[in-house]
Structures are given as C-alpha cells and as structure tokens.
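Taking it in order: structure first as structure tokens, then the write-up.
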Amino acid sequence: MDKKLRVALIQSSLVWENPERNRTDFSKKMEAISPDVDLIVLPEMFTTGFTMSPFNLDGAEGQKTLSWMLQKAQEKNAALIGSVPFLEDGDYTNRLFFVAPDGSSHQYDKRHTFTLAGEDKIYRAGTERLIVDFRGFRICPMVCYDLRFPVWARNTASYDVLLYVANWPKPRITAWDTLLRARAIENMAYCIGVNRIGRDGAGHEYPGHSAVYDVLGQPLAFSRTAEIVYATLSAEHVRDTRRKLKFLEDRDDFNLQG
C-alpha cells in the first residue's frame with residue numbers, strides 16, 4: 001500500500017516582533033486547513049519575522065510558542081513545523097521545532113546563521129542535523145540559509161523529505177527557486193520550501209515562492225500569494241524512483257565533519 005503524506009504550507013505575512021499577534025493570526029489560518037492534512041509548515045521565525053533583536057522580546061516567548069504548537073498539533077491531529085528565536089542557557093538560537101500530535105517534539109538549531117545580516121553574532125549556530133520519522137516518511141528539516149549548502153543536506157540518512165522554512169528576500173529569490181529544485185534532484189527526495197510574504201520591520205520584502213518538488217525535481221505546488229498551499233507526497237514515488245534510478249548509490253564517499 002502506498003503511504004501518503006498530506007502537507008499544508010502556510011505562506012503568510014508576519015507581524016514584526018509580535019509573537020502573541022502572530023500566534024493568534026496563525027491559529028485563525030489553521031482553522032481553514034483540511035482535516036486530512038498530516039503536516040503543517042510555517043515560515044522561519046514565524047512569531048517575529050527575521051529579527052536580529054530577540055532581546056526585545058520576553059525571554060519566555062520561545063517556550064510559549066512551543067506550548068502553542070503542541071496544542072495546535074493535537075487539535076489538528078497533524079505535525080507542526082516552524083522556527084522561532086529561542087533563549088536557552090543565556091544564548092539565543094534560531095530553533096526549529098517539529099511537534100507531533102502525540103505530544104512529542106524534536107528540535108533543530110539553524111546550522112548556517114546568515115552572516116550578511118549579522119545572524120551569526122546574535123544566534124548560536126547548531127551542530128547536528130535532525131531526521132524525524134513521521135507517518136511512514138523520514139523528514140529532514142532545515143532553515144533558510146542552510147539551503148545554500150548542499151553538503152549539509154546530502155542524503156546519507158535515506159530521508160524521504162527535505163524541508164526548508166525561510167524568510168528569503170525578493171532580491172535573491174531566483175536562488176531560492178533554483179536551489180530548492182536542485183536539492184530535490186541531487187538527494188532524490190521531495191523538497192519543500194516555505195517562505196513568507198510582505199515587508200518586515202527592517203524594510204526587507206519577501207515574495208513567497210513557497211513550493212514542493214518531487215524526487216525528480218518536478219513542481220507539485222508553487223505560490224506567490226498569501227494562502228495555504230497543499231501537496232500530497234507518495235512513499236511509492238520515492239521508493240520506485242530510487243529503485244529504477246540508483247543515483248544515490250553512486251554518490252561520493254566522504255564524511256561530514258562538524
């Protein structure tokens with residue numbers, strides 16, 4: 001039997017540095033999501049926008065958002081994924097949470113902090129990848145700038161889905177479009193990218209272009225507007241394509257050093 005994973009991508013504007021308002025807005029948006037969805041994906045820093053001033057926020061906001069995600073995952077019987085500024089042991093991280101409806105949660109700290117914006121000076125970089133097994137699919141979530149680094153995403157763990165949450169600005173959107181498709185093709189995995197839209201408090205404009213590509217790089221979904229974007233992933237598509245085209249077996253043999 002072919003297992004399916006139904007995903008909903010929420011492409012939205014964000015209220016600058018206002019976690020409570022953003023949680024309220026996303027709660028309303030989720031009310032419209034189809035009940036058969038398995039995975040709901042939110043943008044990078046979905047409660048604040050891409051802020052370099054997390055100290056403007058209450059330090060407890062990250063934990064509040066995690067609690068909110070746990071509640072929504074249970075209500076929707078779907079996993080939620082997105083990143084937030086998170087304060088831990090005196091340091092901030094750009095932390096992605098994968099929260100399942102059974103109350104379990106997993107975390108990934110953005111590995112490649114965006115030096116062009118000074119993110120490396122504000123947020124501690126992560127050191128470990130995350131692979132989550134969920135409803136028959138192995139999912140590897142990453143954050144925005146990670147997309148530019150193919151070695152970090154290299155499919156050595158037999159994941160089925162590579163996923164990026166982002167605040168990717170308009171001037172470099174061609175790179176976003178191109179690299180999402182490239183990551184799908186080279187890793188023989190579905191590749192999902194969720195970007196925000198609108199203008200942030202720092203004056204940067206974001207055009208969306210949230211998308212889903214299949215194992216061969218064929219587009220399954222794409223959007224430039226504020227909306228919920230749906231796609232259905234097939235475990236059989238991954239399995240049969242890899243069996244027929246054994247490209248992953250010919251990959252270079254080297255180890256990734258942290």
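By order of appearance in the structure tokens: chains A, B, ..., then residues from 1 within every chain, and ligands from 1 in the order shown.
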Test item: residues at most 10 Å from Arg154 (chain A), only C-alpha atoms, excluding those fewer than 4 positions along its chain, as a list of chain:residue names: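 These residues fall inside the cut-off: A:Phe149, A:Pro150, A:Ser158, A:Tyr159, A:Leu162, A:Arg183, A:Glu186, A:Asn187, A:Leu248, A:Arg251, A:Leu256.
Shell of Glu236 (chain A) at 9 Å, with only C-alpha atoms counted and residues fewer than 5 places along the chain excluded, is Met1, Asp2, Lys3, Lys4 and Thr241 of chain A.
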For those residues, write N, CA and C atoms to a file as a CSV table (one decimal), in the first residue's frame.
chain,number,residue,atom,x,y,z
A,1,MET,N,0.8,-1.2,0.0
A,1,MET,CA,0.0,0.0,0.0
A,1,MET,C,0.9,1.3,0.0
A,2,ASP,N,0.5,2.2,-0.9
A,2,ASP,CA,1.3,3.4,-1.0
A,2,ASP,C,0.9,4.4,0.2
A,3,LYS,N,1.9,4.7,1.0
A,3,LYS,CA,1.7,5.7,2.1
A,3,LYS,C,1.7,7.1,1.5
A,4,LYS,N,0.8,7.9,2.0
A,4,LYS,CA,0.7,9.3,1.6
A,4,LYS,C,1.0,10.3,2.8
A,241,THR,N,11.2,5.4,-7.7
A,241,THR,CA,12.2,6.2,-8.5
A,241,THR,C,13.6,5.8,-8.1
- prompt: Skipping near chain neighbours, those fewer than 2 positions away, what residues fall within 12 Å of Ala32 (chain A) using only C-alpha atoms, listed as an MDAnalysis selection string?
  reply: chainID A and resid 8 10 25:30 34:37 40 76 227:229
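For the pair CA of Val165 (chain A) and CA of Asp58 (chain A), the interatomic distance is 23.2 Å.
Running DSSP on the backbone and keeping only alpha helix (DSSP H), the residues of region 193-251 of chain A that qualify are Ala235, Glu236, His237, Val238, Arg239, Asp240, Thr241, Arg242, Arg243 and Lys244 of chain A.
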message: So that I can check the surroundings of region 100-115 of chain A, please list as number ranges by chain every protein, DNA and RNA residue that reaches within 7 Å of it, counting only C-alpha atoms and ignoring chain neighbours fewer than 5 positions away.
response: A: 70, 73-74, 77-80, 93-95, 120, 125-127, 129-130, 142-143, 145-146
task: Just the residues within 10 Å of Met52 (chain A), please, counting only C-alpha atoms, with nothing from its chain fewer than 4 positions along; format it as a list in words.
output: Asn56, Pro85, Ala117, Gly118, Glu119, Asp120, Lys121, Ile122, Tyr123 and Ala202 of chain A
Go ahead and save the residues from that selection, with C-alpha atoms, as a PDB file, in the first residue's frame.
ATOM      1  CA  ASN A  56      13.371  42.973  22.630  1.00  0.00           C
ATOM      2  CA  PRO A  85      14.023  32.810  18.332  1.00  0.00           C
ATOM      3  CA  ALA A 117      22.533  40.089   8.316  1.00  0.00           C
ATOM      4  CA  GLY A 118      24.755  39.503  11.357  1.00  0.00           C
ATOM      5  CA  GLU A 119      22.722  36.493  12.498  1.00  0.00           C
ATOM      6  CA  ASP A 120      25.983  34.763  13.458  1.00  0.00           C
ATOM      7  CA  LYS A 121      26.596  37.460  16.076  1.00  0.00           C
ATOM      8  CA  ILE A 122      23.162  37.127  17.689  1.00  0.00           C
ATOM      9  CA  TYR A 123      22.221  33.441  17.408  1.00  0.00           C
ATOM     10  CA  ALA A 202      13.876  46.047   8.736  1.00  0.00           C
TER      11      ALA A 202
END
message: Given only C-alpha atoms as the basis, pick out the residue of A:Gly208, A:Pro219, A:Gly49, A:Gly203 nearest to Gly82 (chain A).
response: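 Ranking A:Gly208, A:Pro219, A:Gly49, A:Gly203 by distance to Gly82 (chain A), first place goes to A:Gly49.
Ranking A:Ala166, A:Val132, A:Ile33, A:Val151 by their shortest atom-to-atom distance to Phe50 (chain A), with only C-alpha atoms included, puts A:Ala166 first.
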Residues near Arg172 (chain A), cut-off 12 Å, only C-alpha atoms, skip fewer than 5 positions along chain, as a compact mmCIF listing (two decimals) with N, CA, C and O atoms, in the first residue's frame:
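File produced: part_27.txt:
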# COMPACT_ATOMS: atom_id res chain seq x y z
N TYR A 145 18.98 29.83 5.19
CA TYR A 145 20.34 29.91 4.64
C TYR A 145 20.99 28.54 4.48
O TYR A 145 21.89 28.37 3.65
N ARG A 148 21.70 26.97 0.93
CA ARG A 148 22.85 27.25 0.06
C ARG A 148 24.01 26.26 0.24
O ARG A 148 25.00 26.36 -0.48
N ASN A 167 12.78 32.98 5.62
CA ASN A 167 12.48 34.38 5.32
C ASN A 167 13.47 34.74 4.23
O ASN A 167 14.56 35.27 4.51
N ASP A 177 14.42 29.57 -5.73
CA ASP A 177 13.72 28.70 -6.68
C ASP A 177 14.65 27.62 -7.22
O ASP A 177 14.30 26.43 -7.31
N THR A 178 15.85 28.03 -7.61
CA THR A 178 16.81 27.12 -8.25
C THR A 178 17.33 26.08 -7.27
O THR A 178 17.41 24.88 -7.59
N LEU A 179 17.68 26.51 -6.07
CA LEU A 179 18.29 25.60 -5.11
C LEU A 179 17.30 24.60 -4.53
O LEU A 179 17.67 23.46 -4.24
N HIS A 204 12.88 44.77 4.54
CA HIS A 204 13.11 43.76 3.51
C HIS A 204 11.78 43.21 3.00
O HIS A 204 10.85 42.97 3.78
N GLU A 205 11.72 42.97 1.69
CA GLU A 205 10.50 42.46 1.05
C GLU A 205 10.66 40.99 0.73
O GLU A 205 11.72 40.55 0.28
N TYR A 206 9.56 40.24 0.93
CA TYR A 206 9.58 38.79 0.72
C TYR A 206 8.45 38.42 -0.25
O TYR A 206 7.29 38.79 -0.03
N PRO A 207 8.78 37.64 -1.32
CA PRO A 207 7.80 37.38 -2.37
C PRO A 207 7.12 36.02 -2.31
O PRO A 207 6.45 35.61 -3.26
N GLY A 208 7.30 35.28 -1.23
CA GLY A 208 6.71 33.94 -1.21
C GLY A 208 7.54 32.97 -2.02
O GLY A 208 8.71 32.75 -1.73
N HIS A 209 6.92 32.37 -3.06
CA HIS A 209 7.55 31.31 -3.86
C HIS A 209 7.68 30.03 -3.04
O HIS A 209 8.60 29.23 -3.28
message: As an exercise, work out the distance from CA of Leu147 (chain A) to CA of Leu9 (chain A) in Å and give it to one decimal place.
response: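 Distance between the two atoms: 17.5 Å.
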query: Got a sec to tell me which of region 55-243 of chain A DSSP assigns to strand (DSSP E or B), as a PyMOL selection string?
result: chain A and resi 79-88+91-99+105-109+123+132-134+137-143+161-165+190-194+197-199+205-207+210-213+219-223+227-234
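The closest residue to Lys244 (chain A), picked from A:Leu116, A:Cys140, A:Leu216, A:Val7 and counting only C-alpha atoms, is A:Leu216.
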task: Take CA of Lys72 (chain A) and CA of Phe134 (chain A) and report the distance between them in Å, one decimal.
output: 16.8 Å
- prompt: Hey, which of A:His237, A:Cys144, A:Glu75, A:Asp38 ends up closest to Pro169 (chain A)? Count only C-alpha atoms.
  reply: A:Cys144
